[in-house]
Structure formats: C-alpha cells, structure tokens
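Containing TSV, N, CA and C atoms: model-v9.tsv.
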chain	number	residue	atom	x	y	z
X	1	MET	N	86.04	61.65	170.13
X	1	MET	CA	86.33	63.01	169.74
X	1	MET	C	85.10	63.59	169.07
X	2	LYS	N	84.85	64.85	169.34
X	2	LYS	CA	83.81	65.61	168.66
X	2	LYS	C	84.50	66.62	167.76
X	3	TYR	N	83.88	66.91	166.62
X	3	TYR	CA	84.44	67.94	165.76
X	3	TYR	C	83.33	68.66	165.02
X	4	ASP	N	83.64	69.88	164.59
X	4	ASP	CA	82.70	70.69	163.84
X	4	ASP	C	83.48	71.37	162.72
X	5	VAL	N	82.94	71.32	161.52
X	5	VAL	CA	83.61	71.91	160.36
X	5	VAL	C	82.77	73.09	159.87
X	6	SER	N	83.41	74.24	159.69
X	6	SER	CA	82.75	75.38	159.07
X	6	SER	C	83.59	75.85	157.90
X	7	LEU	N	82.92	76.35	156.89
X	7	LEU	CA	83.58	76.68	155.64
X	7	LEU	C	83.12	78.03	155.14
X	8	THR	N	84.08	78.91	154.83
X	8	THR	CA	83.78	80.16	154.15
X	8	THR	C	84.53	80.14	152.83
X	9	SER	N	84.46	81.22	152.09
X	9	SER	CA	85.14	81.24	150.80
X	9	SER	C	86.66	81.17	150.92
X	10	LYS	N	87.20	81.59	152.08
X	10	LYS	CA	88.65	81.63	152.24
X	10	LYS	C	89.20	80.74	153.35
X	11	VAL	N	88.34	80.33	154.29
X	11	VAL	CA	88.83	79.61	155.46
X	11	VAL	C	87.97	78.38	155.75
X	12	MET	N	88.65	77.25	156.02
X	12	MET	CA	87.99	76.06	156.54
X	12	MET	C	88.46	75.93	157.98
X	13	THR	N	87.50	75.94	158.93
X	13	THR	CA	87.82	75.83	160.34
X	13	THR	C	87.26	74.51	160.87
X	14	ILE	N	88.11	73.76	161.56
X	14	ILE	CA	87.70	72.50	162.16
X	14	ILE	C	88.01	72.58	163.65
X	15	VAL	N	86.95	72.58	164.45
X	15	VAL	CA	87.08	72.64	165.90
X	15	VAL	C	86.99	71.22	166.43
X	16	MET	N	87.99	70.83	167.21
X	16	MET	CA	88.08	69.46	167.72
X	16	MET	C	88.07	69.46	169.23
X	17	GLU	N	87.35	68.48	169.83
X	17	GLU	CA	87.26	68.38	171.28
X	17	GLU	C	87.38	66.92	171.72
X	18	GLY	N	87.90	66.72	172.91
X	18	GLY	CA	87.98	65.38	173.48
X	18	GLY	C	89.36	64.77	173.31
X	19	ASP	N	89.38	63.47	173.07
X	19	ASP	CA	90.62	62.74	172.84
X	19	ASP	C	90.62	62.21	171.41
X	20	PHE	N	91.70	62.45	170.69
X	20	PHE	CA	91.84	61.99	169.31
X	20	PHE	C	92.68	60.73	169.34
X	21	THR	N	92.04	59.59	169.11
X	21	THR	CA	92.72	58.29	169.16
X	21	THR	C	92.46	57.51	167.89
X	22	PHE	N	93.02	56.33	167.83
X	22	PHE	CA	92.84	55.44	166.69
X	22	PHE	C	91.36	55.26	166.35
X	23	GLN	N	90.51	55.20	167.35
X	23	GLN	CA	89.08	55.00	167.13
X	23	GLN	C	88.43	56.13	166.35
X	24	ASP	N	89.07	57.29	166.30
X	24	ASP	CA	88.53	58.45	165.60
X	24	ASP	C	89.07	58.59	164.17
X	25	SER	N	89.85	57.62	163.74
X	25	SER	CA	90.49	57.74	162.42
X	25	SER	C	89.46	57.83	161.29
X	26	TYR	N	88.33	57.14	161.40
X	26	TYR	CA	87.31	57.22	160.35
X	26	TYR	C	86.82	58.66	160.20
X	27	PHE	N	86.54	59.31	161.33
X	27	PHE	CA	86.04	60.67	161.28
X	27	PHE	C	87.06	61.62	160.68
X	28	PHE	N	88.33	61.45	161.06
X	28	PHE	CA	89.34	62.36	160.52
X	28	PHE	C	89.57	62.10	159.04
X	29	ARG	N	89.37	60.88	158.58
X	29	ARG	CA	89.45	60.62	157.13
X	29	ARG	C	88.41	61.44	156.39
X	30	GLN	N	87.23	61.61	157.00
X	30	GLN	CA	86.19	62.43	156.39
X	30	GLN	C	86.64	63.89	156.33
X	31	ILE	N	87.32	64.34	157.37
X	31	ILE	CA	87.86	65.70	157.36
X	31	ILE	C	88.89	65.85	156.25
X	32	LEU	N	89.77	64.86	156.09
X	32	LEU	CA	90.77	64.91	155.03
X	32	LEU	C	90.12	64.95	153.65
X	33	LYS	N	89.02	64.21	153.49
X	33	LYS	CA	88.28	64.26	152.22
X	33	LYS	C	87.75	65.66	151.96
X	34	ALA	N	87.26	66.32	153.01
X	34	ALA	CA	86.76	67.69	152.86
X	34	ALA	C	87.89	68.64	152.50
X	35	VAL	N	89.05	68.44	153.11
X	35	VAL	CA	90.22	69.28	152.77
X	35	VAL	C	90.60	69.05	151.32
X	36	LYS	N	90.59	67.80	150.90
X	36	LYS	CA	90.96	67.47	149.53
X	36	LYS	C	89.98	68.08	148.54
X	37	LYS	N	88.69	68.04	148.89
X	37	LYS	CA	87.65	68.53	147.99
X	37	LYS	C	87.52	70.05	148.01
X	38	ASP	N	87.46	70.64	149.22
X	38	ASP	CA	87.12	72.05	149.34
X	38	ASP	C	88.26	72.93	149.85
X	39	GLY	N	89.42	72.35	150.10
X	39	GLY	CA	90.48	73.12	150.76
X	39	GLY	C	91.48	73.79	149.84
X	40	ALA	N	91.35	73.61	148.55
X	40	ALA	CA	92.35	74.16	147.63
X	40	ALA	C	92.44	75.67	147.77
X	41	GLY	N	93.65	76.15	148.05
X	41	GLY	CA	93.89	77.58	148.13
X	41	GLY	C	93.35	78.25	149.37
X	42	LYS	N	92.75	77.51	150.27
X	42	LYS	CA	92.15	78.09	151.46
X	42	LYS	C	93.08	77.98	152.66
X	43	GLU	N	92.78	78.77	153.64
X	43	GLU	CA	93.44	78.65	154.93
X	43	GLU	C	92.66	77.60	155.71
X	44	ILE	N	93.36	76.63	156.28
X	44	ILE	CA	92.72	75.57	157.04
X	44	ILE	C	93.16	75.71	158.48
X	45	ARG	N	92.20	75.86	159.37
X	45	ARG	CA	92.49	76.06	160.78
X	45	ARG	C	91.95	74.88	161.58
X	46	LEU	N	92.87	74.12	162.17
X	46	LEU	CA	92.50	73.03	163.07
X	46	LEU	C	92.55	73.60	164.49
X	47	HIS	N	91.40	73.89	165.05
X	47	HIS	CA	91.35	74.41	166.42
X	47	HIS	C	91.39	73.21	167.36
X	48	VAL	N	92.56	72.98	167.94
X	48	VAL	CA	92.79	71.78	168.76
X	48	VAL	C	92.81	72.10	170.26
X	49	GLY	N	92.40	73.31	170.62
X	49	GLY	CA	92.41	73.71	172.03
X	49	GLY	C	91.52	72.86	172.91
X	50	GLY	N	90.51	72.24	172.32
X	50	GLY	CA	89.60	71.38	173.08
X	50	GLY	C	90.04	69.94	173.15
X	51	LEU	N	91.16	69.61	172.50
X	51	LEU	CA	91.66	68.24	172.58
X	51	LEU	C	92.44	68.05	173.87
X	52	HIS	N	92.13	66.96	174.58
X	52	HIS	CA	92.86	66.65	175.81
X	52	HIS	C	94.13	65.87	175.53
X	53	SER	N	94.05	64.97	174.53
X	53	SER	CA	95.22	64.16	174.19
X	53	SER	C	95.09	63.65	172.77
X	54	ILE	N	96.25	63.30	172.21
X	54	ILE	CA	96.30	62.67	170.89
X	54	ILE	C	97.25	61.48	170.99
X	55	ASP	N	96.99	60.45	170.19
X	55	ASP	CA	97.89	59.31	170.15
X	55	ASP	C	98.69	59.35	168.84
X	56	SER	N	99.45	58.30	168.60
X	56	SER	CA	100.30	58.27	167.41
X	56	SER	C	99.48	58.27	166.11
X	57	THR	N	98.30	57.68	166.14
X	57	THR	CA	97.43	57.71	164.96
X	57	THR	C	97.00	59.13	164.66
X	58	ALA	N	96.62	59.87	165.69
X	58	ALA	CA	96.21	61.26	165.51
X	58	ALA	C	97.36	62.09	164.94
X	59	LEU	N	98.55	61.88	165.48
X	59	LEU	CA	99.70	62.62	164.98
X	59	LEU	C	99.94	62.30	163.50
X	60	ARG	N	99.81	61.03	163.15
X	60	ARG	CA	99.96	60.63	161.75
X	60	ARG	C	98.95	61.35	160.86
X	61	PHE	N	97.71	61.43	161.31
X	61	PHE	CA	96.69	62.12	160.52
X	61	PHE	C	96.95	63.62	160.45
X	62	PHE	N	97.49	64.21	161.51
X	62	PHE	CA	97.86	65.61	161.45
X	62	PHE	C	98.96	65.83	160.41
X	63	MET	N	99.91	64.91	160.35
X	63	MET	CA	100.98	65.01	159.35
X	63	MET	C	100.41	64.83	157.93
X	64	LEU	N	99.46	63.92	157.77
X	64	LEU	CA	98.80	63.76	156.47
X	64	LEU	C	98.06	65.02	156.07
X	65	ALA	N	97.37	65.64	157.02
X	65	ALA	CA	96.66	66.90	156.74
X	65	ALA	C	97.65	67.99	156.34
X	66	HIS	N	98.78	68.02	157.02
X	66	HIS	CA	99.83	68.99	156.70
X	66	HIS	C	100.33	68.79	155.26
X	67	ASP	N	100.64	67.55	154.91
X	67	ASP	CA	101.12	67.25	153.56
X	67	ASP	C	100.06	67.53	152.50
X	68	LEU	N	98.81	67.18	152.81
X	68	LEU	CA	97.72	67.42	151.87
X	68	LEU	C	97.50	68.91	151.66
X	69	SER	N	97.60	69.69	152.71
X	69	SER	CA	97.42	71.14	152.56
X	69	SER	C	98.51	71.73	151.67
X	70	LYS	N	99.72	71.22	151.79
X	70	LYS	CA	100.80	71.69	150.90
X	70	LYS	C	100.48	71.37	149.44
X	71	GLN	N	99.99	70.15	149.20
X	71	GLN	CA	99.63	69.74	147.84
X	71	GLN	C	98.51	70.60	147.28
X	72	ARG	N	97.58	71.02	148.13
X	72	ARG	CA	96.41	71.80	147.71
X	72	ARG	C	96.70	73.30	147.74
X	73	HIS	N	97.94	73.67	148.00
X	73	HIS	CA	98.35	75.08	148.09
X	73	HIS	C	97.53	75.83	149.13
X	74	SER	N	97.35	75.18	150.26
X	74	SER	CA	96.63	75.76	151.40
X	74	SER	C	97.60	75.96	152.54
X	75	CYS	N	97.20	76.78	153.50
X	75	CYS	CA	97.97	76.97	154.73
X	75	CYS	C	97.22	76.28	155.85
X	76	LEU	N	97.87	75.39	156.57
X	76	LEU	CA	97.27	74.66	157.68
X	76	LEU	C	97.83	75.20	158.98
X	77	PHE	N	96.93	75.58	159.89
X	77	PHE	CA	97.31	76.09	161.20
X	77	PHE	C	96.70	75.22	162.29
X	78	PHE	N	97.48	74.94	163.31
X	78	PHE	CA	96.99	74.28	164.51
X	78	PHE	C	96.77	75.38	165.54
X	79	GLU	N	95.52	75.63	165.89
X	79	GLU	CA	95.20	76.73	166.79
X	79	GLU	C	95.01	76.27	168.23
X	80	ALA	N	95.57	77.03	169.14
X	80	ALA	CA	95.37	76.91	170.58
X	80	ALA	C	95.70	75.55	171.19
X	81	PRO	N	96.76	74.87	170.72
X	81	PRO	CA	97.09	73.60	171.36
X	81	PRO	C	97.59	73.84	172.78
X	82	LYS	N	97.33	72.89	173.64
X	82	LYS	CA	97.80	73.01	175.01
X	82	LYS	C	98.10	71.63	175.58
X	83	GLY	N	98.83	71.61	176.67
X	83	GLY	CA	99.14	70.36	177.36
X	83	GLY	C	99.88	69.37	176.48
X	84	GLN	N	99.45	68.12	176.56
X	84	GLN	CA	100.10	67.03	175.83
X	84	GLN	C	100.03	67.25	174.33
X	85	VAL	N	98.95	67.85	173.86
X	85	VAL	CA	98.79	68.10	172.41
X	85	VAL	C	99.85	69.10	171.95
X	86	LEU	N	100.07	70.16	172.71
X	86	LEU	CA	101.09	71.16	172.38
X	86	LEU	C	102.48	70.54	172.38
X	87	LEU	N	102.78	69.74	173.40
X	87	LEU	CA	104.09	69.09	173.47
X	87	LEU	C	104.33	68.18	172.27
X	88	THR	N	103.32	67.40	171.90
X	88	THR	CA	103.45	66.48	170.77
X	88	THR	C	103.63	67.24	169.47
X	89	LEU	N	102.84	68.28	169.26
X	89	LEU	CA	102.96	69.07	168.03
X	89	LEU	C	104.31	69.79	167.96
X	90	ASN	N	104.79	70.27	169.09
X	90	ASN	CA	106.10	70.91	169.09
X	90	ASN	C	107.21	69.94	168.72
X	91	GLU	N	107.12	68.71	169.22
X	91	GLU	CA	108.10	67.69	168.83
X	91	GLU	C	108.03	67.41	167.34
X	92	ALA	N	106.81	67.29	166.81
X	92	ALA	CA	106.64	67.03	165.37
X	92	ALA	C	107.14	68.21	164.54
X	93	ALA	N	106.98	69.42	165.07
X	93	ALA	CA	107.40	70.63	164.34
X	93	ALA	C	108.91	70.70	164.17
X	94	ARG	N	109.64	70.00	165.01
X	94	ARG	CA	111.11	69.99	164.85
X	94	ARG	C	111.52	69.35	163.54
X	95	CYS	N	110.69	68.44	163.04
X	95	CYS	CA	111.01	67.74	161.79
X	95	CYS	C	110.25	68.28	160.60
X	96	ASN	N	109.16	68.98	160.85
X	96	ASN	CA	108.32	69.53	159.78
X	96	ASN	C	108.03	70.98	160.08
X	97	ALA	N	107.63	71.71	159.09
X	97	ALA	CA	107.30	73.12	159.27
X	97	ALA	C	105.81	73.26	159.59
X	98	LEU	N	105.42	72.85	160.80
X	98	LEU	CA	104.03	72.98	161.22
X	98	LEU	C	103.77	74.40	161.65
X	99	ASN	N	102.59	74.92	161.37
X	99	ASN	CA	102.19	76.25	161.81
X	99	ASN	C	101.34	76.11	163.05
X	100	ILE	N	101.91	76.47	164.19
X	100	ILE	CA	101.22	76.33	165.47
X	100	ILE	C	100.97	77.73	166.03
X	101	ALA	N	99.70	78.06	166.25
X	101	ALA	CA	99.35	79.35	166.81
X	101	ALA	C	98.86	79.14	168.24
X	102	ALA	N	99.74	79.35	169.19
X	102	ALA	CA	99.39	79.14	170.61
X	102	ALA	C	98.64	80.27	171.11

Would you write out, as structure tokens, the structure that this file holds?
Amino acid sequence: MKYDVSLTSKVMTIVMEGDFTFQDSYFFRQILKAVKKDGAGKEIRLHVGGLHSIDSTALRFFMLAHDLSKQRHSCLFFEAPKGQVLLTLNEAARCNALNIAA
C-alpha cells in the first residue's frame, strides 16, 4: 500500500492506494500515531478510492482509527470507497456509525 498524509490547520487528509493488508499494519500504525498527535479537533479524511482491497487487519485498523477519532473529538470520513472496499465498509457501518462519502 502507498499512502500520503497532508495536514492543514483544520483537516488531515490521508490518501491511500493499492491493497491494504496485514503487511501494511506498521505503516498504518504510523498514521494512527499522527492522528493521535495532530488530529485533535480536526477533520480526518481517509481517501480510500485508490484502494483495491482490504483484509480483516485493515478493517480492524479502520475501526481503531474511527474509535481514536471519537476520543480526539475529530470527525473521520472515508472518502470515495469503491468495489470490495465499499462493500466491506458498508457492512462495518451497520454496527458502527462510520462516515462514508461515496
């Protein structure tokens, strides 16, 4: 997976591309650290339109990011999901209040 993080005073945007699998967990932990450090009160946008697929580890990390954003009083949005990623996020949204912007 490739990712790029950009930060303004109000918005943290993370653009993700490729496949998000267990092997990418180290990189996403770094993203979670950035959310923990710099995400308080900000809008966090995970642009997942470039992701082809996610596995159960990726979904777990998305749920952790969701919970962390709530703790940090931030709003987390999943932008432009499609295909398998959209289906998986929609299933997860049935149990949690995920913000998905298709």

Distance query His73 (chain X) at most 8 Å, only N, CA and C atoms, self and fewer than 6 positions along chain excluded, as a PyMOL selection string:
chain X and resi 39-43+67

Just the number, please: distance in Å from CA of Lys70 (chain X) to atom C of Leu51 (chain X), one decimal.
24.7 Å

Which of chain X fall in helix (DSSP H, G or I), as a ChimeraX atom specification:
/X:22-38,56-71,83-93

Quick one: of X:Ser6, X:Asn90, X:Phe22, X:Val11, who's nearest to Ile54 (chain X), counting all atoms listed in the file?
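Among the listed residues, X:Phe22 lies closest to Ile54 (chain X).
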
I'd like the interatomic distance between CA of Val35 (chain X) and atom C of Phe20 (chain X), to a tenth of an Å.
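A separation of 18.8 Å between them.
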
Which residue of X:Gln84, X:Ser53, X:Asn99, X:Thr8 approaches Ala65 (chain X) most closely, using only C-alpha atoms
X:Asn99

Atom-to-atom span, atom N of Tyr3 (chain X) and atom N of Leu32 (chain X), Å:
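Straight-line distance from atom N of Tyr3 (chain X) to atom N of Leu32 (chain X) works out to 12.2 Å.
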
Just checking: using only N, CA and C atoms, which residue out of X:His52, X:Lys82, X:Arg94, X:Arg45 ends up closest to Ile14 (chain X)?
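So, comparing all the options, the nearest one is X:Arg45.
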
Closest of X:Ala93, X:Leu68, X:Val5, X:Met16 to Gly49 (chain X) - atom-to-atom distances counting only N, CA and C atoms
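Checking each candidate against Gly49 (chain X), we get X:Met16 as the closest.
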
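Among the candidates X:Asp24, X:Ser56, X:Leu46, X:Gln30, the one nearest to Met12 (chain X) when counting only N, CA and C atoms is X:Leu46.
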